[in-house]
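Peer 1: Next up is a structure, given as structure tokens.
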Amino acid sequence: MAKVKLTIPKLIEEAKLFCETESKFKNKELFGVTDGKAVGTFVEHKFQSYLSSKYEYIMGSSANGIDLPGNEINTDIKVTSIKQPQSSCPFKNTEQKIFGLGYNLLVFVYDKTDNRTKKYATLNFCSCSYIEKERTADYTTTKRISEMLKDGANREDIVAYLNDRNLPVDETILYSIAERILLKTPKIGYLTISNALQWRLQYQRIVSLNEKIEGITKIIDKVNSK
């Protein structure tokens with residue numbers, strides 16, 4: 001059977017089916033595994049294998065750092081535990097914290113339980129979200145910038161605020177970022193992004209989100225439906 005081209009709607013549809021199927025699957029390979037990175041890699045590979053059996057798309061590599069890098073998809077897959085829903089991603093530039101990472105995110109959040117009698121693990125996918133790139137910035141930073149602009153902030157006000165955020169960048173670039181902000185107000189992001197050599201992305205706000213936000217698709221939401 002010929003493969004069809006992968007699209008964003010198809011990716012979302014398949015992520016939903018994958019979560020529903022995998023939540024019932026008895027994983028003998030993951031029994032006793034406590035390393036979140038190992039579990040995440042296992043799930044990512046399984047989802048990619050599932051997608052590639054049905055669809056035609058550009059697969060990512062460690063060189064470009066994004067799992068689905070094609071222009072039409074431009075999405076990175078993140079898999080994390082509900083106990084601490086977070087992951088890391090490469091630091092490209094400081095502007096990512098304000099204007100977004102530059103690519104979309106597909107975030108799988110699981111609750112892992114081990115059946116010690118029968119020696120298998122179950123990954124109950126309690127949350128799965130598709131986040132468009134414009135919504136992948138830091139929530140606190142972008143919300144405050146939006147409030148400041150509504151209050152009539154000028155370039156110096158914005159630079160002073162960004163300075164207070166201890167962004168890893170010099171003042172010349174801060175002025176350049178402030179000019180860009182004044183030209184176009186960044187959308188409010190819904191991640192928490194911690195400064196580090198690699199960005200540390202935290203997804204609790206996405207997991208807990210129970211209102212409709214343009215640019216965020218809640219594919220699976222068992223957390224708020226309890």
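Quick note on naming: the chains in the structure tokens go A, B, ... in the order shown, residues restart at 1 in each chain, and ligands are numbered from 1 in order of appearance.
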Select from range 83-174 of chain A everything DSSP, run on the backbone, classes as helix (DSSP H, G or I), then give the selection as JSON, numbers by chain.
Peer 2: {"A": [96, 97, 98, 99, 133, 134, 135, 139, 140, 141, 142, 143, 144, 145, 146, 147, 148, 149, 150, 155, 156, 157, 158, 159, 160, 161, 162, 163, 164, 171, 172, 173, 174]}
Peer 1: Can you tell me, as a compact mmCIF listing (two decimals) with N, CA and C atoms, in the first residue's frame, what residues are no more than 8 Å from range 12-15 of chain A when counting only C-alpha atoms, ignoring any on the same chain fewer than 2 positions away?
Peer 2:
```txt
# COMPACT_ATOMS: atom_id res chain seq x y z
N ILE A 8 -0.13 17.93 9.37
CA ILE A 8 -0.34 18.22 10.80
C ILE A 8 -1.63 17.57 11.31
N PRO A 9 -2.78 17.71 10.59
CA PRO A 9 -4.00 17.05 11.08
C PRO A 9 -3.83 15.54 11.22
N LYS A 10 -3.10 14.92 10.28
CA LYS A 10 -2.85 13.47 10.35
C LYS A 10 -1.95 13.13 11.54
N LEU A 17 -4.48 8.17 18.40
CA LEU A 17 -4.61 6.72 18.28
C LEU A 17 -3.47 6.01 18.99
N PHE A 18 -2.26 6.54 18.83
CA PHE A 18 -1.07 5.97 19.46
C PHE A 18 -1.22 5.98 20.99
N CYS A 19 -1.66 7.10 21.54
CA CYS A 19 -1.85 7.22 23.00
C CYS A 19 -2.88 6.21 23.50
N LEU A 51 4.60 5.88 12.57
CA LEU A 51 4.32 6.88 11.53
C LEU A 51 4.93 6.50 10.19
N CYS A 128 -1.59 14.62 26.03
CA CYS A 128 -0.85 14.76 24.77
C CYS A 128 -1.31 16.06 24.13
N TYR A 130 -0.46 19.27 21.10
CA TYR A 130 0.27 19.81 19.96
C TYR A 130 0.35 21.33 20.15
N ILE A 219 -4.80 16.93 22.65
CA ILE A 219 -5.16 15.70 21.93
C ILE A 219 -5.73 14.66 22.89
```
Peer 1: Tell me, in Å to one decimal, how far CA of Gly152 in chain A is from CA of Ile188 in chain A.
Peer 2: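 Computed distance, CA of Gly152 in chain A to CA of Ile188 in chain A, equals 17.5 Å.
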Peer 1: Using only C-alpha atoms, find the one residue out of A:Ser146, A:Ser127, A:Thr7, A:Thr217 that sits nearest to Ile58 in chain A.
Peer 2: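 Using only C-alpha atoms, the shortest distance to Ile58 in chain A belongs to A:Thr7.
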Peer 1: Check the smallest atom-to-atom distance from each of A:Gly36, A:Ile77, A:Lys5, A:Asn93 to Lys54 in chain A using only C-alpha atoms, then report the winner.
Peer 2: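 Counting only C-alpha atoms, the residue closest to Lys54 in chain A is A:Lys5.
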Peer 1: Counting only C-alpha atoms, figure out which residue out of A:Thr185, A:Thr113, A:Asn71, A:Ser129 gets nearest to Lys26 in chain A.
Peer 2: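 Ranking A:Thr185, A:Thr113, A:Asn71, A:Ser129 by distance to Lys26 in chain A, first place goes to A:Thr113.
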Peer 1: Applying 6 Å and only C-alpha atoms, which residues near Ser23 in chain A remain after dropping the ones on its own chain fewer than 3 positions away? List them as a compact mmCIF listing (two decimals) with C-alpha atoms, in the first residue's frame.
Peer 2:
```txt
# COMPACT_ATOMS: atom_id res chain seq x y z
CA CYS A 19 -1.85 7.22 23.00
CA GLU A 20 -5.05 5.19 23.19
CA LEU A 123 2.37 3.75 30.10
CA ASN A 124 -0.93 5.50 30.62
CA PHE A 125 -0.79 8.57 28.37
```
Peer 1: Excluding Asn74 in chain A and residues on its chain fewer than 3 positions from it, collect all residues at most 10 Å away from it, counting only C-alpha atoms, and give them as number ranges by chain.
Peer 2: A: 8, 58, 60, 66-71, 102-105, 132-133
Peer 1: Could you check which of A:Val159, A:Ile181, A:Leu167, A:Ile82 is closest to Val223 in chain A, using only C-alpha atoms?
Peer 2: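 Among A:Val159, A:Ile181, A:Leu167, A:Ile82, it is A:Ile82 that comes nearest to Val223 in chain A.
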Peer 1: Within 7 Å of Ser87 in chain A, counting only C-alpha atoms, which residues qualify if same-chain residues fewer than 4 places away don't, as a compact mmCIF listing (two decimals) with N, CA and C atoms, in the first residue's frame?
Peer 2:
```txt
# COMPACT_ATOMS: atom_id res chain seq x y z
N THR A 80 7.53 12.74 28.24
CA THR A 80 7.92 13.03 29.61
C THR A 80 6.93 12.42 30.61
N ARG A 200 15.70 24.36 29.42
CA ARG A 200 14.92 23.39 30.17
C ARG A 200 13.46 23.77 30.01
N LEU A 201 12.69 22.90 29.33
CA LEU A 201 11.29 23.18 29.04
C LEU A 201 10.40 22.47 30.05
N GLN A 202 9.49 23.18 30.66
CA GLN A 202 8.55 22.58 31.61
C GLN A 202 7.13 22.74 31.07
```
Peer 1: For Gly40 in chain A, which residue out of A:Gln96, A:Ser81, A:Gln204, A:Asn195 is the nearest one, using only C-alpha atoms?
Peer 2: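 Under the stated criterion, the closest residue is A:Ser81.
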Peer 1: Of the candidates A:Lys28, A:Arg135, A:Arg155, A:Arg144, which one gets nearest to Ile213 in chain A if we count only C-alpha atoms?
Peer 2: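 That would be A:Arg135, the residue with the smallest distance to Ile213 in chain A.
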